[in-house]
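*Asks:* A single structure is presented below for examination.
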Amino acid sequence: MLGAVIGDVVGSRYEFNNIKTKDFELFGKGCYATDDTVMTCAVAEVLINKKQNDKDYIVDTFKKWGRRYPHAGYGGRFGCWVLGNEREPYNSYGNGAAMRVSAVGWIAKSEKEVKDLSREVTEVTHNHPEGIKGAEVVAMCIYYAKQGKDKAFIRAYVEKCYNLDFNYEELRKTYTHAEEICQNTVPQAIFCFLISDSFEDCLRTTISIGGDCDTTAAISCAIAEAYYGSCGCCEKEVLNYLTPDMKNILKKVKTR
């Protein structure tokens with residue numbers, strides 16, 4: 001499940017300084033594990049402990065991880081929720097729903113389980129239909145990739161939910177860090193995966209279009225890892241940016 005984390009860490013220093021080219025240094029000064037990684041670990045912990053049906057446990061786990069890393073770069077509404085005392089969802093369709101959900105695609109054993117798990121770990125905060133849809137589509141893409149489905153199959157599935165009629169060069173010229181919502185992030189990220197030819201190419205392609213690129217890369221690279229089978233040389237390098245508790249959670253997902 002390192003794909004999402006690699007996308008996040010590599011994209012972190014380009015999120016507010018879009019680079020708009022595939023020719024860039026992957027790791028270096030300014031890279032760090034953002035809220036995308038933190039909350040990916042939180043979701044993974046919930047599922048590893050099989051507590052997806054326990055809303056209080058999910059909320060407590062999200063808040064535990066959030067407060068452990070209070071400066072990870074949370075969005076405004078989620079930051080208030082995770083660091084505050086509120087425990088109810090707030091009708092969000094922010095892209096946080098999609099960037100944190102990758103463990104569902106790795107752990108679920110069926111399409112139904114993907115849908116069930118995705119909803120359960122999403123609706124505690126992002127209970128708007130677009131938030132729930134964004135998380136489910138990403139988790140399902142990972143699940144399908146892990147099951148050996150080809151890109152034509154994955155594209156056909158996604159196109160039932162999102163328009164993927166993009167052009168890479170046009171995206172690279174015009175895509176900006178606009179509203180951080182699933183509708184403005186999930187389809188672009190999946191498009192970048194679909195036109196890639198390797199994990200690293202997916203990573204570079206996603207970051208090169210700009211936008212909220214730590215999150216788009218966390219999404220696209222989570223799918224790419226499942227599809228291509230590994231993250232190549234990035235797997236060892238990214239560990240330098242993770243804390244022991246993050247490494248421990250990710251290891252547990254991998255060994256399931």
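By order of appearance in the structure tokens: chains A, B, ..., then residues from 1 within every chain, and ligands from 1 in the order shown.
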What lies within 8 Å of Tyr228 (chain A) using only C-alpha atoms, ignoring chain neighbours under 4 positions off, as a list in words?
*Replies:*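 The residues satisfying every condition are Ser198, Phe199 and Ala224 of chain A.
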*Asks:* Quick one: residues within 12 Å of Asn240 (chain A), only C-alpha atoms counted, chain neighbours fewer than 6 positions away excluded, as a PyMOL selection string?
*Replies:* chain A and resi 5-6+9+27-28+31-33+234+246-247
*Asks:* Need to verify the contact set: Cys141 (chain A), 8 Å, only C-alpha atoms, exclusion of same-chain residues closer than 2 positions in sequence. Can you return it as an mmCIF file with N, CA and C atoms, in the first residue's frame?
*Replies:*
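Final file, result_5.cif:
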```cif
data_model
loop_
_atom_site.group_PDB
_atom_site.id
_atom_site.type_symbol
_atom_site.label_atom_id
_atom_site.label_comp_id
_atom_site.auth_asym_id
_atom_site.auth_seq_id
_atom_site.Cartn_x
_atom_site.Cartn_y
_atom_site.Cartn_z
ATOM 1 N N GLY A 105 -9.236 -1.005 -0.956
ATOM 2 C CA GLY A 105 -8.980 -1.754 -2.183
ATOM 3 C C GLY A 105 -8.050 -2.925 -2.001
ATOM 4 N N VAL A 137 -15.076 4.831 -5.842
ATOM 5 C CA VAL A 137 -14.482 4.653 -7.168
ATOM 6 C C VAL A 137 -12.985 4.378 -7.062
ATOM 7 N N VAL A 138 -12.286 5.120 -6.220
ATOM 8 C CA VAL A 138 -10.850 4.897 -6.048
ATOM 9 C C VAL A 138 -10.587 3.510 -5.469
ATOM 10 N N ALA A 139 -11.320 3.143 -4.435
ATOM 11 C CA ALA A 139 -11.135 1.825 -3.817
ATOM 12 C C ALA A 139 -11.432 0.708 -4.806
ATOM 13 N N TYR A 143 -9.026 -2.291 -6.225
ATOM 14 C CA TYR A 143 -9.479 -3.680 -6.137
ATOM 15 C C TYR A 143 -9.429 -4.351 -7.516
ATOM 16 N N TYR A 144 -9.950 -3.691 -8.527
ATOM 17 C CA TYR A 144 -9.952 -4.264 -9.870
ATOM 18 C C TYR A 144 -8.526 -4.454 -10.388
ATOM 19 N N ALA A 145 -7.667 -3.471 -10.149
ATOM 20 C CA ALA A 145 -6.271 -3.595 -10.582
ATOM 21 C C ALA A 145 -5.603 -4.778 -9.898
ATOM 22 N N ILE A 154 -11.174 -1.035 -16.322
ATOM 23 C CA ILE A 154 -11.186 -0.020 -15.271
ATOM 24 C C ILE A 154 -11.767 1.292 -15.801
ATOM 25 N N VAL A 158 -15.056 3.348 -14.428
ATOM 26 C CA VAL A 158 -14.980 4.729 -13.937
ATOM 27 C C VAL A 158 -15.903 5.648 -14.738
ATOM 28 N N ILE A 223 -3.582 3.217 -7.253
ATOM 29 C CA ILE A 223 -4.076 2.316 -8.295
ATOM 30 C C ILE A 223 -2.909 1.725 -9.077
#
```
*Asks:* Applying 12 Å and only C-alpha atoms, which residues near Ala156 (chain A) remain after dropping the ones on its own chain fewer than 4 positions away? List them as a list in words.
*Replies:*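 In the requested form, the answer reads Val137, Cys141, Tyr144, Lys149, Asp150, Lys151, Ala152, Lys160, Cys161, Tyr162, Asn163, Leu164, Ile190, Phe191 and Leu194 of chain A.
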*Asks:* In region 107-198 of chain A, what's helix (DSSP H, G or I) per DSSP? Answer as a PyMOL selection string?
*Replies:* chain A and resi 107+111-122+129-146+151-158+168-174+182-184+186-194
*Asks:* Please report as a tab-separated table every residue of region 182-254 of chain A lying within 9 Å of region 114-136 of chain A, along with the nearest atom pair and their distance in Å (one decimal), using only C-alpha atoms.
*Replies:*
```
residue	atom	partner	partner_atom	distance
A:Cys182	CA	A:Gly134	CA	5.5
A:Gln183	CA	A:Glu130	CA	7.3
A:Thr185	CA	A:Gly134	CA	8.9
A:Val186	CA	A:Gly134	CA	6.4
A:Pro187	CA	A:Gly134	CA	8.9
```
*Asks:* Please dump the current selection as a PDB file, in the first residue's frame; keep all heavy atoms.
*Replies:*
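Final output, saved to selection17.pdb:
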```
ATOM      1  N   CYS A 182     -13.720  15.959  -4.558  1.00  0.00           N
ATOM      2  CA  CYS A 182     -13.577  14.711  -5.313  1.00  0.00           C
ATOM      3  C   CYS A 182     -13.816  14.921  -6.807  1.00  0.00           C
ATOM      4  O   CYS A 182     -13.091  14.372  -7.644  1.00  0.00           O
ATOM      5  CB  CYS A 182     -14.555  13.666  -4.785  1.00  0.00           C
ATOM      6  SG  CYS A 182     -14.080  12.943  -3.191  1.00  0.00           S
ATOM      7  N   GLN A 183     -14.822  15.732  -7.154  1.00  0.00           N
ATOM      8  CA  GLN A 183     -15.168  15.934  -8.552  1.00  0.00           C
ATOM      9  C   GLN A 183     -14.047  16.591  -9.342  1.00  0.00           C
ATOM     10  O   GLN A 183     -13.965  16.441 -10.565  1.00  0.00           O
ATOM     11  CB  GLN A 183     -16.423  16.806  -8.669  1.00  0.00           C
ATOM     12  CG  GLN A 183     -17.631  16.290  -7.920  1.00  0.00           C
ATOM     13  CD  GLN A 183     -17.766  16.896  -6.527  1.00  0.00           C
ATOM     14  OE1 GLN A 183     -16.874  16.733  -5.696  1.00  0.00           O
ATOM     15  NE2 GLN A 183     -18.870  17.592  -6.270  1.00  0.00           N
ATOM     16  N   THR A 185     -10.758  16.125  -8.616  1.00  0.00           N
ATOM     17  CA  THR A 185      -9.509  15.433  -8.304  1.00  0.00           C
ATOM     18  C   THR A 185      -9.515  13.975  -8.760  1.00  0.00           C
ATOM     19  O   THR A 185      -8.570  13.513  -9.411  1.00  0.00           O
ATOM     20  CB  THR A 185      -9.248  15.463  -6.786  1.00  0.00           C
ATOM     21  OG1 THR A 185      -9.253  16.811  -6.336  1.00  0.00           O
ATOM     22  CG2 THR A 185      -7.912  14.832  -6.442  1.00  0.00           C
ATOM     23  N   VAL A 186     -10.556  13.252  -8.415  1.00  0.00           N
ATOM     24  CA  VAL A 186     -10.600  11.810  -8.687  1.00  0.00           C
ATOM     25  C   VAL A 186     -10.510  11.494 -10.183  1.00  0.00           C
ATOM     26  O   VAL A 186      -9.674  10.674 -10.589  1.00  0.00           O
ATOM     27  CB  VAL A 186     -11.848  11.172  -8.050  1.00  0.00           C
ATOM     28  CG1 VAL A 186     -11.988   9.718  -8.490  1.00  0.00           C
ATOM     29  CG2 VAL A 186     -11.756  11.260  -6.527  1.00  0.00           C
ATOM     30  N   PRO A 187     -11.330  12.093 -11.047  1.00  0.00           N
ATOM     31  CA  PRO A 187     -11.233  11.728 -12.465  1.00  0.00           C
ATOM     32  C   PRO A 187      -9.898  12.077 -13.090  1.00  0.00           C
ATOM     33  O   PRO A 187      -9.349  11.294 -13.882  1.00  0.00           O
ATOM     34  CB  PRO A 187     -12.390  12.499 -13.122  1.00  0.00           C
ATOM     35  CG  PRO A 187     -12.771  13.558 -12.148  1.00  0.00           C
ATOM     36  CD  PRO A 187     -12.447  13.016 -10.788  1.00  0.00           C
TER      37      PRO A 187
END
```
*Asks:* Excluding Phe78 (chain A) and residues on its chain fewer than 3 positions from it, collect all residues at most 10 Å away from it, counting only C-alpha atoms, and give them as a list of chain:residue names.
*Replies:*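 So, after excluding close chain neighbours, the residues are A:Gly66, A:Tyr74, A:Gly75, A:Trp81, A:Val82, A:Leu83, A:Gly84, A:Pro89, A:Tyr90, A:Ser92, A:Gly94, A:Gly96, A:Thr125, A:His126.
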*Asks:* Using only C-alpha atoms for the distances, tell me which of A:Cys80, A:Asp23, A:Tyr69, A:Tyr14 is nearest to Leu242 (chain A).
*Replies:*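 Of the candidates, the smallest distance to Leu242 (chain A) is held by A:Tyr69.
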*Asks:* Write out as JSON, numbers by chain the residues lying within 6 Å of Arg172 (chain A), counting only C-alpha atoms and excluding same-chain residues fewer than 2 positions away.
*Replies:* {"A": [20, 169, 170, 174, 209]}
*Asks:* Mind writing the picked residues with N, CA, C and O atoms as a PDB file, in the first residue's frame?
*Replies:*
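That gives us again.pdb:
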```pdb
ATOM      1  N   LYS A  20       4.602  21.249 -13.599  1.00  0.00           N
ATOM      2  CA  LYS A  20       4.124  21.203 -14.982  1.00  0.00           C
ATOM      3  C   LYS A  20       5.101  20.564 -15.959  1.00  0.00           C
ATOM      4  O   LYS A  20       5.170  20.938 -17.133  1.00  0.00           O
ATOM      5  N   GLU A 169      -1.945  17.083 -22.522  1.00  0.00           N
ATOM      6  CA  GLU A 169      -1.277  18.373 -22.736  1.00  0.00           C
ATOM      7  C   GLU A 169      -2.169  19.529 -22.314  1.00  0.00           C
ATOM      8  O   GLU A 169      -1.693  20.520 -21.758  1.00  0.00           O
ATOM      9  N   GLU A 170      -3.458  19.401 -22.548  1.00  0.00           N
ATOM     10  CA  GLU A 170      -4.377  20.457 -22.143  1.00  0.00           C
ATOM     11  C   GLU A 170      -4.455  20.550 -20.619  1.00  0.00           C
ATOM     12  O   GLU A 170      -4.483  21.646 -20.047  1.00  0.00           O
ATOM     13  N   THR A 174      -3.642  23.779 -18.227  1.00  0.00           N
ATOM     14  CA  THR A 174      -4.771  24.510 -17.638  1.00  0.00           C
ATOM     15  C   THR A 174      -5.203  24.056 -16.248  1.00  0.00           C
ATOM     16  O   THR A 174      -5.898  24.798 -15.552  1.00  0.00           O
ATOM     17  N   ILE A 209       0.687  17.448 -14.186  1.00  0.00           N
ATOM     18  CA  ILE A 209      -0.504  18.225 -14.582  1.00  0.00           C
ATOM     19  C   ILE A 209      -0.808  19.331 -13.564  1.00  0.00           C
ATOM     20  O   ILE A 209      -1.608  20.220 -13.831  1.00  0.00           O
TER      21      ILE A 209
END
```
*Asks:* Excluding Phe16 (chain A) and its own-chain neighbours fewer than 5 positions away, which residues fall within 12 Å of it when counting only C-alpha atoms? Please give them as a PyMOL selection string.
*Replies:* chain A and resi 11+30+73+176-178+207+210-215
